[in-house]
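A.B. asks: Here it is, the structure in full.
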Amino acid sequence: MSDLSYTSLNDHLKKTFGCKVYKIALNGGFTCPNRDGTKGSGGCIFCSQGGSGEFAGDPSISITEQIEHGKKLVGDKNKSGKYIAYFQAFTGTYAPIEMLRRLYEEAIFHPDIVAMSVATRPDCLPEDVLSLLGEMNRIKPVWVELGLQTIHEKTADYIRRGYPLSEYDNAVKELKKRNIDVITHVILGLPGESKEDMLQTVSYVVKSGVSGIKLQLLHILEGTDLAEEYRLGKVRALEFEEYIDLVKECVRIIPPEVIIHRLTGDGDKKILIAPEWSADKKRVLNRLRKELGK
């Protein structure tokens, strides 16, 4: 099993902070250039109405209130009382700089927050935002999570990603220049991609100099354009055993210095169409951990 050894996020957090640390998913009330008409109006083909933030906080309340609510949800499990503020919903750097500063500072100065993670697009990192992230990173550790999904331009066009691979490369370079940890999101099971295509994306990501990677199973969710494609028989969902084998192949090419932040992901059960087996996340994770020797 030695070729399947890997560094999990939990391992990394315990080594860094000396205890278990929980992420609190926040909603800063952002939108996305792929939704507001700047680059598109429908969003990526797989993206739900919640902007991949179905489990994030309520944007109608303050960041502090969202953090306190998140703490209550896991308080019984988190004896250390340490948390990561995770701006998850939509594009977490796509707002006026004054708004970003207010939201980031409210999160990062909270006494129970030990780090801040911001999910965003590589094409939404202008110089002033990069400078602000660098400033926040000098207060507490900041991670930036980039939604790459695939390196293949044909797939990127199909899912309406809206930016070229070179934009990702530049974002990684600029963030690393400021000593900001970069975590890249990769979706496994995108329409038309072979196993070799997906492994090429994972290989490219780990060689790009990032500190972490998230492996995300493609979920087909109600209300998305992908759902319509699925109903027309144009796309399919991965089977359970197929996904397990695919993750094992991915782990084999991810070096231990690249932290695996996620082996799969949740699709909101209220809007999940396929794959149905993914609704039992506990079963999926238990099987993966058994296969990977964790």
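Here's how to read the names in the structure tokens: chain A, B, ... by the order shown, residue numbers from 1 in each chain, ligand numbers from 1 in the order shown.
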Among stretch 107-161 of chain A, which residues carry a DSSP assignment of alpha helix (DSSP H), reported as a list in words?

C.D. replies: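 Answer for stretch 107-161 of chain A, restricted to alpha helix (DSSP H): Ala107, Ile108, Glu127, Asp128, Val129, Leu130, Ser131, Leu132, Leu133, Gly134, Glu135, Met136, Asn137, Glu153, Lys154, Thr155, Ala156, Asp157 and Tyr158 of chain A.
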
A.B. asks: Find the spatial neighbours of A:Leu130, counting only C-alpha atoms, within a cut-off of 10 Å - ignore same-chain residues fewer than 5 positions away - and output them as number ranges by chain.

C.D. replies: A: 93, 124-125, 135-136, 171, 174-175, 177-178, 180

A.B. asks: Pick from A:Ile61, A:Ala95, A:Val235, A:Ile24: nearest to A:Asn78, with only C-alpha atoms counted?

C.D. replies: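 The closest residue to A:Asn78 is A:Ile24.
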
A.B. asks: Check the DSSP output for the backbone and give back, as a PyMOL selection string, the residues of stretch 39-246 of chain A in strand (DSSP E).

C.D. replies: chain A and resi 83-87+113-120+142-149+181-188+212-217+220-221

A.B. asks: Leaving out A:Thr150 and any residue of its chain fewer than 4 positions from it, which residues lie within 7 Å of it when counting only C-alpha atoms, given as a PDB file with N, CA and C atoms, in the first residue's frame?

C.D. replies:
ATOM      1  N   ALA A 156     -13.166  22.420 -20.853  1.00  0.00           N
ATOM      2  CA  ALA A 156     -13.370  23.738 -20.235  1.00  0.00           C
ATOM      3  C   ALA A 156     -14.396  24.551 -21.012  1.00  0.00           C
ATOM      4  N   VAL A 186     -10.253  19.953  -8.607  1.00  0.00           N
ATOM      5  CA  VAL A 186     -10.326  19.143  -9.825  1.00  0.00           C
ATOM      6  C   VAL A 186     -11.614  18.329  -9.772  1.00  0.00           C
ATOM      7  N   ILE A 187     -12.387  18.332 -10.847  1.00  0.00           N
ATOM      8  CA  ILE A 187     -13.611  17.530 -10.909  1.00  0.00           C
ATOM      9  C   ILE A 187     -13.340  16.253 -11.696  1.00  0.00           C
ATOM     10  N   THR A 201      -4.855  15.894 -15.747  1.00  0.00           N
ATOM     11  CA  THR A 201      -5.163  17.115 -14.987  1.00  0.00           C
ATOM     12  C   THR A 201      -4.546  17.051 -13.601  1.00  0.00           C
TER      13      THR A 201
END

A.B. asks: Show which residues sit within 8 Å of stretch 116-122 of chain A, as a list in words. Count only C-alpha atoms, and ignore same-chain residues fewer than 3 positions away.

C.D. replies: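 Counting only the stated atoms, we get Ile84, Ala85, Tyr86, Phe87, Gln88, Ala89, Phe90, Thr91, Gly92, Thr93, Tyr94, Ala107, Ile108, Ile113, Leu125, Lys140, Pro141, Val142, Trp143, Val144, Glu145, Leu146, Gly147, Leu148, Glu167, Tyr168, Asn170 and Ala171 of chain A.
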
A.B. asks: Give me the residues near A:His152 as a ChimeraX atom specification, where near means some atom within 12 Å (using only C-alpha atoms) and where sequence neighbours in that chain fewer than 5 positions away do not count.

C.D. replies: /A:157-159,161,163-166,186-187,190-194,196-202,204

A.B. asks: Excluding A:Leu285 and residues on its chain fewer than 6 positions from it, collect all residues at most 12 Å away from it, counting only C-alpha atoms, and give them as a list of chain:residue names.

C.D. replies: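 Selected residues are A:Phe240, A:Tyr243, A:Ile244, A:Val247, A:Arg262, A:Leu263, A:Thr264, A:Gly265, A:Asp266, A:Trp277, A:Ser278, A:Ala279, A:Glu291, A:Leu292, A:Gly293, A:Lys294.
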
A.B. asks: Go ahead and save the residues from that selection, with C-alpha atoms, as a PDB file, in the first residue's frame.

C.D. replies:
ATOM      1  CA  PHE A 240     -19.204   3.749  -7.428  1.00  0.00           C
ATOM      2  CA  TYR A 243     -14.832   6.341  -8.824  1.00  0.00           C
ATOM      3  CA  ILE A 244     -13.015   4.351  -6.134  1.00  0.00           C
ATOM      4  CA  VAL A 247      -9.290   8.093  -6.852  1.00  0.00           C
ATOM      5  CA  ARG A 262     -10.821  16.205  -0.322  1.00  0.00           C
ATOM      6  CA  LEU A 263     -11.276  12.721  -1.771  1.00  0.00           C
ATOM      7  CA  THR A 264     -14.892  13.249  -2.776  1.00  0.00           C
ATOM      8  CA  GLY A 265     -17.623  15.783  -2.058  1.00  0.00           C
ATOM      9  CA  ASP A 266     -21.209  16.368  -1.039  1.00  0.00           C
ATOM     10  CA  TRP A 277     -24.635   6.398  -4.480  1.00  0.00           C
ATOM     11  CA  SER A 278     -22.768   9.607  -3.623  1.00  0.00           C
ATOM     12  CA  ALA A 279     -25.536  10.592  -1.193  1.00  0.00           C
ATOM     13  CA  GLU A 291      -8.553   1.159  -0.043  1.00  0.00           C
ATOM     14  CA  LEU A 292      -5.973   3.846   0.702  1.00  0.00           C
ATOM     15  CA  GLY A 293      -4.882   2.370   4.031  1.00  0.00           C
ATOM     16  CA  LYS A 294      -6.008   5.313   6.172  1.00  0.00           C
TER      17      LYS A 294
END

A.B. asks: Between A:Gly162, A:Gly57, A:Gly75, A:Pro255, which residue has the minimum interatomic distance to A:Asn34, considering only C-alpha atoms?

C.D. replies: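 Using only C-alpha atoms, the shortest distance to A:Asn34 belongs to A:Gly162.
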
A.B. asks: Could you name the residues that touch A:Glu65 at 12 Å or less, counting only C-alpha atoms, but leaving out those on the same chain fewer than 3 positions away, as a list in words?

C.D. replies: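 The residues that qualify are Ile24, Leu26, Asn27, Gly28, Gly57, Asp58, Pro59, Ser60, Ile61, Ser62, Glu68, His69, Gly70, Lys71, Lys72, Glu106, Ala107 and His110 of chain A.
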
A.B. asks: Calculated over only C-alpha atoms, which of the candidates A:Ala227, A:Val258, A:Ile45, A:Val129 has the smallest distance to A:Glu98?

C.D. replies: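 Comparing A:Ala227, A:Val258, A:Ile45, A:Val129 against A:Glu98, the winner is A:Val129.
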
A.B. asks: Considering only C-alpha atoms, can you say which of A:Lys173, A:His12, A:Lys82, A:Arg287 comes closest to A:Glu257?

C.D. replies: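 Of A:Lys173, A:His12, A:Lys82, A:Arg287, the one nearest A:Glu257 is A:His12, counting only C-alpha atoms.
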
A.B. asks: A:Gly223, A:Tyr83, A:Lys77, A:Val210: which is nearest A:Pro111, counting only C-alpha atoms?

C.D. replies: A:Tyr83

A.B. asks: Pick the closest to A:Ala115 from A:Val74, A:Val205, A:Leu13, A:Leu288: which is it, counting only C-alpha atoms?

C.D. replies: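 Looking only at the distances to A:Ala115, the closest residue turns out to be A:Leu13.
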